[in-house]
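S.K.: Following this message is one structure expressed as structure tokens.
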Amino acid sequence: MAKKEKSEYLIQAVSHALDLLEQFHDDIDELGVTELSKRLKLHKNNVFRLLATLESRGYIEQNRVTENYRLGLKTLELGQTFIKQMGLLRQSRPVLEALVSECNETTYVAILKDFHIVYLDVVETDLTVRVVPRVGARLPAYCTAAGKVQIAYMTDEELENYLPTKELKRFTPNTITDRDELKKHLKVIAEQGYAMDNEELDIGVRCVGAPIRDYTRRIIGAVSISGPSMRFTDERVDKELIPMVKRAAEEISTKLGYHK
């Protein structure tokens, strides 16, 4: 018997379910049955059955107030599993460990989520005075090295839509809260290929970060080195830490298929 093409094995109901899940993207966080029916070109009864099935497995949940539907926690779990098994975390961990061995400061890998960064992994220094790890914490992108080095490569239009419309919160005297000043600062970061957090989020803490790219050349995260300001002197940052963090970011990017 001739071998069938994989397309001949497709199950239409499964395909429709995946099409439904893919409707929730960018700023679209909730959709109703009627809107989903229009988008998928399916009868409302079919859409409702798909939603009920996905909801029973935790991939979709219903907002009881609006009666619209949104992605469920199970989708987040799958995403986290992918990151751990196939992507950024698995490739970056040995690089972070080597980086700590080299500079003996705390290192992170972080991703951008909304207008915040989320630290996915950390390798700590063994020095007594050190930065407290914040794995899983959401921190503002505009005043962290790992955040600034990711949003710096956005287009002017993307950045305008990305920056919160409300006033940027000041965390320290060094926090950049003027939008025009921040945009100029980000352009410099994009040109130099790294970012510096000069006590902009926490007094007494400095940080350097560099972007991580994947095989599509898209920035998907950042590596950063953090430590107390007393150890992060200007000379050490320029001569030692910036070259280190840029090399680490390039190494992880290469592992993820990025080529200049």
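FYI, nothing fancy with the structure tokens labels: chains A, B, ... in order, residues from 1 per chain, ligands from 1 as they appear.
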As a ChimeraX atom specification, please: the residues near Glu97 of chain A (cut-off 10 Å, only C-alpha atoms, same-chain neighbours under 5 positions excluded).

M.R.: /A:92,102,104,106-108,122-125

S.K.: Show me, as a ChimeraX atom specification, the residues that have an atom within 6 Å of segment 26-31 of chain A when counting only C-alpha atoms, minus same-chain residues fewer than 2 positions from it.

M.R.: /A:24,68-70

S.K.: Residues within 8 Å of Leu50 of chain A, please, as a PDB file with N, CA, C and O atoms, in the first residue's frame. Count only C-alpha atoms; anything in the same chain fewer than 3 positions from it doesn't count.

M.R.:
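Produced file out23.pdb, reproduced below:
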```pdb
ATOM      1  N   HIS A  16     -10.223  22.080  14.313  1.00  0.00           N
ATOM      2  CA  HIS A  16     -11.102  23.182  14.696  1.00  0.00           C
ATOM      3  C   HIS A  16     -10.814  23.653  16.123  1.00  0.00           C
ATOM      4  O   HIS A  16     -10.850  24.851  16.419  1.00  0.00           O
ATOM      5  N   ALA A  17     -10.529  22.693  17.011  1.00  0.00           N
ATOM      6  CA  ALA A  17     -10.231  23.049  18.399  1.00  0.00           C
ATOM      7  C   ALA A  17      -8.964  23.891  18.487  1.00  0.00           C
ATOM      8  O   ALA A  17      -8.904  24.874  19.238  1.00  0.00           O
ATOM      9  N   ASN A  46     -21.549  23.997  17.132  1.00  0.00           N
ATOM     10  CA  ASN A  46     -20.240  23.349  17.028  1.00  0.00           C
ATOM     11  C   ASN A  46     -19.194  24.067  17.876  1.00  0.00           C
ATOM     12  O   ASN A  46     -18.365  23.433  18.531  1.00  0.00           O
ATOM     13  N   VAL A  47     -19.250  25.400  17.859  1.00  0.00           N
ATOM     14  CA  VAL A  47     -18.318  26.190  18.659  1.00  0.00           C
ATOM     15  C   VAL A  47     -18.542  25.915  20.139  1.00  0.00           C
ATOM     16  O   VAL A  47     -17.585  25.733  20.899  1.00  0.00           O
ATOM     17  N   THR A  53     -15.669  21.129  25.522  1.00  0.00           N
ATOM     18  CA  THR A  53     -14.630  20.097  25.602  1.00  0.00           C
ATOM     19  C   THR A  53     -13.327  20.672  26.135  1.00  0.00           C
ATOM     20  O   THR A  53     -12.701  20.121  27.044  1.00  0.00           O
ATOM     21  N   LEU A  54     -12.924  21.808  25.581  1.00  0.00           N
ATOM     22  CA  LEU A  54     -11.673  22.446  26.008  1.00  0.00           C
ATOM     23  C   LEU A  54     -11.772  22.944  27.452  1.00  0.00           C
ATOM     24  O   LEU A  54     -10.801  22.876  28.207  1.00  0.00           O
TER      25      LEU A  54
END
```

S.K.: Hey, which bits of segment 41-154 of chain A sit within 12 Å of segment 180-203 of chain A, and for each residue what's the closest pair of atoms and how far apart in Å (one decimal), counting only C-alpha atoms, rows by chain and increasing number, as JSON lines?

M.R.:
```
{"residue": "A:Val131", "atom": "CA", "partner": "A:Asp202", "partner_atom": "CA", "distance": 10.2}
{"residue": "A:Val132", "atom": "CA", "partner": "A:Asp202", "partner_atom": "CA", "distance": 11.4}
{"residue": "A:Leu139", "atom": "CA", "partner": "A:Leu201", "partner_atom": "CA", "distance": 8.8}
{"residue": "A:Pro140", "atom": "CA", "partner": "A:Leu201", "partner_atom": "CA", "distance": 8.4}
{"residue": "A:Ala141", "atom": "CA", "partner": "A:Leu201", "partner_atom": "CA", "distance": 10.0}
{"residue": "A:Tyr142", "atom": "CA", "partner": "A:Leu182", "partner_atom": "CA", "distance": 7.8}
{"residue": "A:Cys143", "atom": "CA", "partner": "A:Glu200", "partner_atom": "CA", "distance": 5.5}
{"residue": "A:Thr144", "atom": "CA", "partner": "A:Asp197", "partner_atom": "CA", "distance": 5.4}
{"residue": "A:Ala145", "atom": "CA", "partner": "A:Asp197", "partner_atom": "CA", "distance": 4.9}
{"residue": "A:Ala146", "atom": "CA", "partner": "A:Ala195", "partner_atom": "CA", "distance": 7.3}
{"residue": "A:Gly147", "atom": "CA", "partner": "A:Ala195", "partner_atom": "CA", "distance": 8.6}
{"residue": "A:Lys148", "atom": "CA", "partner": "A:Ala195", "partner_atom": "CA", "distance": 6.4}
{"residue": "A:Val149", "atom": "CA", "partner": "A:Ala195", "partner_atom": "CA", "distance": 5.3}
{"residue": "A:Gln150", "atom": "CA", "partner": "A:Ala190", "partner_atom": "CA", "distance": 8.8}
{"residue": "A:Ile151", "atom": "CA", "partner": "A:Leu186", "partner_atom": "CA", "distance": 7.6}
{"residue": "A:Ala152", "atom": "CA", "partner": "A:Leu186", "partner_atom": "CA", "distance": 4.6}
{"residue": "A:Tyr153", "atom": "CA", "partner": "A:Ala190", "partner_atom": "CA", "distance": 5.8}
{"residue": "A:Met154", "atom": "CA", "partner": "A:Ala190", "partner_atom": "CA", "distance": 9.2}
```

S.K.: Keeping only N, CA and C atoms, take the residues you just selected and write them out as a short mmCIF file (atom, residue, chain, number, x, y, z; two decimals), in the first residue's frame.

M.R.:
```cif
data_model
loop_
_atom_site.label_atom_id
_atom_site.label_comp_id
_atom_site.auth_asym_id
_atom_site.auth_seq_id
_atom_site.Cartn_x
_atom_site.Cartn_y
_atom_site.Cartn_z
N VAL A 131 22.28 39.89 45.40
CA VAL A 131 20.91 40.27 45.04
C VAL A 131 19.99 39.10 45.34
N VAL A 132 18.85 39.38 45.97
CA VAL A 132 17.88 38.32 46.28
C VAL A 132 17.20 37.88 44.98
N LEU A 139 8.57 42.23 36.95
CA LEU A 139 9.20 43.52 37.22
C LEU A 139 9.04 44.43 36.00
N PRO A 140 8.95 45.73 36.21
CA PRO A 140 8.76 46.67 35.09
C PRO A 140 9.90 46.57 34.08
N ALA A 141 9.55 46.55 32.81
CA ALA A 141 10.58 46.41 31.77
C ALA A 141 11.41 47.68 31.61
N TYR A 142 10.80 48.86 31.83
CA TYR A 142 11.47 50.11 31.49
C TYR A 142 12.58 50.51 32.47
N CYS A 143 12.69 49.80 33.60
CA CYS A 143 13.74 50.17 34.55
C CYS A 143 14.56 48.96 34.99
N THR A 144 14.60 47.94 34.15
CA THR A 144 15.45 46.77 34.38
C THR A 144 16.29 46.53 33.14
N ALA A 145 17.50 46.04 33.33
CA ALA A 145 18.39 45.81 32.18
C ALA A 145 17.80 44.77 31.24
N ALA A 146 17.27 43.67 31.80
CA ALA A 146 16.71 42.61 30.98
C ALA A 146 15.47 43.07 30.22
N GLY A 147 14.75 44.03 30.79
CA GLY A 147 13.58 44.55 30.11
C GLY A 147 13.92 45.56 29.04
N LYS A 148 14.76 46.51 29.40
CA LYS A 148 15.12 47.57 28.44
C LYS A 148 15.79 47.01 27.20
N VAL A 149 16.61 45.97 27.37
CA VAL A 149 17.35 45.45 26.23
C VAL A 149 16.43 44.66 25.28
N GLN A 150 15.21 44.34 25.75
CA GLN A 150 14.25 43.68 24.86
C GLN A 150 13.34 44.69 24.16
N ILE A 151 12.86 45.69 24.89
CA ILE A 151 11.96 46.66 24.27
C ILE A 151 12.72 47.68 23.42
N ALA A 152 14.05 47.73 23.57
CA ALA A 152 14.86 48.69 22.81
C ALA A 152 14.82 48.43 21.31
N TYR A 153 14.52 47.20 20.91
CA TYR A 153 14.54 46.86 19.49
C TYR A 153 13.16 46.95 18.84
N MET A 154 12.18 47.44 19.59
CA MET A 154 10.87 47.66 19.01
C MET A 154 10.89 48.86 18.08
#
```

S.K.: Which residues in segment 19-229 of chain A does DSSP call alpha helix (DSSP H)? List them as a VMD selection string.

M.R.: chain A and resid 19 to 21 33 to 40 44 to 56 73 to 86 88 to 103 145 to 151 156 to 162 179 to 192

S.K.: Check the DSSP output for the backbone and give back, as a PyMOL selection string, the residues of segment 79-239 of chain A in strand (DSSP E).

M.R.: chain A and resi 106-113+116-123+138-140+195-198+205-213+219-228

S.K.: Just the selected residues (N, CA and C atoms), exported as a short mmCIF file (atom, residue, chain, number, x, y, z; two decimals), in the first residue's frame, please.

M.R.:
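Saved result, again_0.cif, follows:
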```
data_model
loop_
_atom_site.label_atom_id
_atom_site.label_comp_id
_atom_site.auth_asym_id
_atom_site.auth_seq_id
_atom_site.Cartn_x
_atom_site.Cartn_y
_atom_site.Cartn_z
N THR A 106 25.24 37.05 40.61
CA THR A 106 23.99 36.38 40.30
C THR A 106 23.57 36.65 38.85
N THR A 107 23.18 35.59 38.15
CA THR A 107 22.78 35.72 36.74
C THR A 107 21.36 35.23 36.54
N TYR A 108 20.68 35.84 35.58
CA TYR A 108 19.29 35.51 35.29
C TYR A 108 19.09 35.30 33.80
N VAL A 109 18.00 34.60 33.47
CA VAL A 109 17.45 34.65 32.12
C VAL A 109 16.00 35.07 32.28
N ALA A 110 15.56 36.03 31.46
CA ALA A 110 14.24 36.62 31.62
C ALA A 110 13.54 36.77 30.28
N ILE A 111 12.21 36.74 30.31
CA ILE A 111 11.40 36.97 29.11
C ILE A 111 10.50 38.17 29.34
N LEU A 112 9.97 38.69 28.24
CA LEU A 112 9.07 39.83 28.29
C LEU A 112 7.63 39.34 28.30
N LYS A 113 6.85 39.84 29.23
CA LYS A 113 5.43 39.51 29.32
C LYS A 113 4.67 40.77 29.61
N HIS A 116 6.13 43.89 31.45
CA HIS A 116 6.98 43.42 32.53
C HIS A 116 7.95 42.36 32.03
N ILE A 117 8.96 42.11 32.83
CA ILE A 117 9.82 40.95 32.57
C ILE A 117 9.54 39.93 33.66
N VAL A 118 9.73 38.68 33.28
CA VAL A 118 9.58 37.58 34.23
C VAL A 118 10.89 36.80 34.21
N TYR A 119 11.52 36.68 35.38
CA TYR A 119 12.75 35.91 35.48
C TYR A 119 12.41 34.43 35.51
N LEU A 120 12.90 33.69 34.51
CA LEU A 120 12.60 32.26 34.42
C LEU A 120 13.57 31.40 35.22
N ASP A 121 14.81 31.84 35.30
CA ASP A 121 15.81 31.02 35.99
C ASP A 121 16.89 31.92 36.56
N VAL A 122 17.55 31.45 37.59
CA VAL A 122 18.61 32.21 38.24
C VAL A 122 19.68 31.26 38.74
N VAL A 123 20.93 31.71 38.66
CA VAL A 123 22.04 31.01 39.30
C VAL A 123 22.70 32.03 40.20
N ARG A 138 7.26 39.50 38.47
CA ARG A 138 7.04 40.40 37.34
C ARG A 138 7.59 41.77 37.72
N LEU A 139 8.57 42.23 36.95
CA LEU A 139 9.20 43.52 37.22
C LEU A 139 9.04 44.43 36.00
N PRO A 140 8.95 45.73 36.21
CA PRO A 140 8.76 46.67 35.09
C PRO A 140 9.90 46.57 34.08
N ALA A 195 22.14 46.60 27.85
CA ALA A 195 21.47 47.60 28.68
C ALA A 195 22.06 47.58 30.08
N MET A 196 21.91 48.71 30.74
CA MET A 196 22.41 48.86 32.11
C MET A 196 21.27 49.37 32.99
N ASP A 197 21.09 48.72 34.12
CA ASP A 197 20.17 49.21 35.14
C ASP A 197 21.04 49.83 36.24
N ASN A 198 21.07 51.14 36.25
CA ASN A 198 21.92 51.86 37.19
C ASN A 198 21.10 52.29 38.41
N VAL A 205 21.57 48.46 43.76
CA VAL A 205 21.66 47.31 42.85
C VAL A 205 21.88 47.79 41.42
N ARG A 206 22.87 47.22 40.76
CA ARG A 206 23.12 47.51 39.35
C ARG A 206 23.03 46.20 38.56
N CYS A 207 22.80 46.34 37.29
CA CYS A 207 22.58 45.15 36.47
C CYS A 207 22.94 45.45 35.02
N VAL A 208 23.47 44.45 34.32
CA VAL A 208 23.71 44.56 32.88
C VAL A 208 22.99 43.42 32.19
N GLY A 209 22.47 43.67 30.99
CA GLY A 209 21.73 42.65 30.28
C GLY A 209 21.97 42.71 28.78
N ALA A 210 21.81 41.57 28.12
CA ALA A 210 21.97 41.48 26.67
C ALA A 210 20.86 40.59 26.11
N PRO A 211 20.44 40.83 24.85
CA PRO A 211 19.29 40.13 24.29
C PRO A 211 19.62 38.72 23.79
N ILE A 212 18.63 37.84 23.89
CA ILE A 212 18.72 36.47 23.36
C ILE A 212 17.80 36.40 22.15
N ARG A 213 18.33 35.86 21.04
CA ARG A 213 17.54 35.70 19.81
C ARG A 213 17.42 34.22 19.47
N ILE A 219 13.98 38.52 19.11
CA ILE A 219 14.42 38.57 20.51
C ILE A 219 13.37 37.87 21.36
N ILE A 220 13.80 36.84 22.11
CA ILE A 220 12.86 36.05 22.90
C ILE A 220 13.17 36.13 24.39
N GLY A 221 14.21 36.83 24.77
CA GLY A 221 14.56 36.92 26.17
C GLY A 221 15.84 37.71 26.37
N ALA A 222 16.39 37.63 27.57
CA ALA A 222 17.62 38.36 27.87
C ALA A 222 18.38 37.66 28.99
N VAL A 223 19.68 37.83 28.97
CA VAL A 223 20.55 37.38 30.05
C VAL A 223 20.94 38.62 30.83
N SER A 224 20.99 38.51 32.14
CA SER A 224 21.44 39.66 32.94
C SER A 224 22.31 39.21 34.10
N ILE A 225 23.17 40.11 34.50
CA ILE A 225 24.03 39.90 35.68
C ILE A 225 23.69 41.01 36.67
N SER A 226 23.37 40.64 37.89
CA SER A 226 22.98 41.63 38.90
C SER A 226 23.87 41.53 40.14
N GLY A 227 24.04 42.66 40.79
CA GLY A 227 24.84 42.66 42.01
C GLY A 227 24.82 44.00 42.70
N PRO A 228 25.40 44.07 43.87
CA PRO A 228 25.43 45.34 44.62
C PRO A 228 26.32 46.36 43.92
#
```

S.K.: Of the candidates A:Gly32, A:Thr172, A:Gln23, A:Gly58, which shows the shortest atom-to-atom distance to Glu77 of chain A, using only C-alpha atoms?

M.R.: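 Going through A:Gly32, A:Thr172, A:Gln23, A:Gly58 one by one, the smallest distance to Glu77 of chain A is for A:Gly58.
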
S.K.: Can you tell me how far atom CA of Gln12 of chain A sits from atom CA of Glu61 of chain A, in Å to one decimal?

M.R.: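 Interatomic distance, atom CA of Gln12 of chain A to atom CA of Glu61 of chain A: 22.3 Å.
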
S.K.: Rounded to one decimal place, report the atom CA of Arg90 of chain A-atom CA of Leu76 of chain A distance in Å.

M.R.: 17.7 Å

S.K.: Which neighbours of Val33 of chain A fall inside 12 Å, counting only C-alpha atoms, when residues of the same chain fewer than 4 positions from it are skipped, and could you give them as a list of chain:residue names?

M.R.: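 So the residues in contact are A:Leu20, A:Gln23, A:Ser37, A:Lys38, A:Arg39, A:Leu40, A:Lys41, A:Leu42, A:His43, A:Lys44, A:Asn45, A:Asn46, A:Val47, A:Phe48, A:Arg49, A:Leu50, A:Leu51, A:Ala52, A:Gln62, A:Thr66, A:Glu67, A:Asn68, A:Tyr69, A:Arg70.
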
S.K.: Could those selected residues go to a file with N, CA and C atoms, as a short mmCIF file (atom, residue, chain, number, x, y, z; two decimals), in the first residue's frame?

M.R.:
```
data_model
loop_
_atom_site.label_atom_id
_atom_site.label_comp_id
_atom_site.auth_asym_id
_atom_site.auth_seq_id
_atom_site.Cartn_x
_atom_site.Cartn_y
_atom_site.Cartn_z
N LEU A 20 -9.58 27.33 17.25
CA LEU A 20 -10.27 28.11 18.28
C LEU A 20 -9.26 28.68 19.29
N GLN A 23 -7.29 31.74 18.24
CA GLN A 23 -7.96 33.03 18.13
C GLN A 23 -7.58 33.98 19.27
N SER A 37 -17.76 31.99 16.39
CA SER A 37 -18.48 31.37 15.27
C SER A 37 -18.17 32.09 13.96
N LYS A 38 -18.14 33.42 14.01
CA LYS A 38 -17.82 34.21 12.81
C LYS A 38 -16.37 33.98 12.38
N ARG A 39 -15.46 33.98 13.35
CA ARG A 39 -14.04 33.85 13.03
C ARG A 39 -13.72 32.47 12.45
N LEU A 40 -14.34 31.45 13.02
CA LEU A 40 -14.04 30.07 12.61
C LEU A 40 -14.92 29.59 11.46
N LYS A 41 -15.97 30.38 11.16
CA LYS A 41 -16.95 29.99 10.13
C LYS A 41 -17.58 28.64 10.47
N LEU A 42 -17.95 28.52 11.73
CA LEU A 42 -18.60 27.31 12.22
C LEU A 42 -19.92 27.69 12.88
N HIS A 43 -20.87 26.73 12.89
CA HIS A 43 -22.15 26.96 13.56
C HIS A 43 -21.92 27.14 15.05
N LYS A 44 -22.77 27.94 15.68
CA LYS A 44 -22.61 28.21 17.11
C LYS A 44 -22.64 26.93 17.95
N ASN A 45 -23.47 25.97 17.55
CA ASN A 45 -23.54 24.72 18.30
C ASN A 45 -22.21 23.99 18.29
N ASN A 46 -21.55 24.00 17.13
CA ASN A 46 -20.24 23.35 17.03
C ASN A 46 -19.19 24.07 17.88
N VAL A 47 -19.25 25.40 17.86
CA VAL A 47 -18.32 26.19 18.66
C VAL A 47 -18.54 25.91 20.14
N PHE A 48 -19.80 25.86 20.55
CA PHE A 48 -20.10 25.62 21.95
C PHE A 48 -19.59 24.25 22.40
N ARG A 49 -19.72 23.24 21.53
CA ARG A 49 -19.24 21.90 21.87
C ARG A 49 -17.72 21.89 21.99
N LEU A 50 -17.05 22.62 21.12
CA LEU A 50 -15.58 22.73 21.21
C LEU A 50 -15.17 23.40 22.51
N LEU A 51 -15.86 24.49 22.83
CA LEU A 51 -15.56 25.22 24.06
C LEU A 51 -15.80 24.35 25.30
N ALA A 52 -16.90 23.61 25.30
CA ALA A 52 -17.21 22.75 26.43
C ALA A 52 -16.14 21.69 26.63
N GLN A 62 -14.37 30.14 31.30
CA GLN A 62 -15.38 31.16 31.03
C GLN A 62 -15.38 32.23 32.11
N THR A 66 -18.80 38.26 32.19
CA THR A 66 -19.09 38.63 30.80
C THR A 66 -19.66 37.47 29.98
N GLU A 67 -19.49 36.24 30.49
CA GLU A 67 -19.89 35.01 29.80
C GLU A 67 -19.05 34.75 28.56
N ASN A 68 -17.98 35.52 28.37
CA ASN A 68 -17.04 35.25 27.29
C ASN A 68 -16.04 34.19 27.74
N TYR A 69 -15.23 33.75 26.78
CA TYR A 69 -14.26 32.70 27.07
C TYR A 69 -12.83 33.21 26.92
N ARG A 70 -11.92 32.61 27.64
CA ARG A 70 -10.51 32.98 27.59
C ARG A 70 -9.67 31.72 27.78
#
```

S.K.: Go through A:His25, A:Arg231, A:Arg217, A:Lys169 one by one, measure the shortest atom-to-atom distance of each to His259 of chain A using only C-alpha atoms, and give the residue with the smallest value.

M.R.: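 Result for the nearest residue to His259 of chain A: A:Arg217.
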
S.K.: May I ask for the distance between atom CA of Leu159 of chain A and atom CA of Asp214 of chain A, given in Å to one decimal place?

M.R.: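 According to the coordinates, atom CA of Leu159 of chain A and atom CA of Asp214 of chain A are separated by 21.0 Å.
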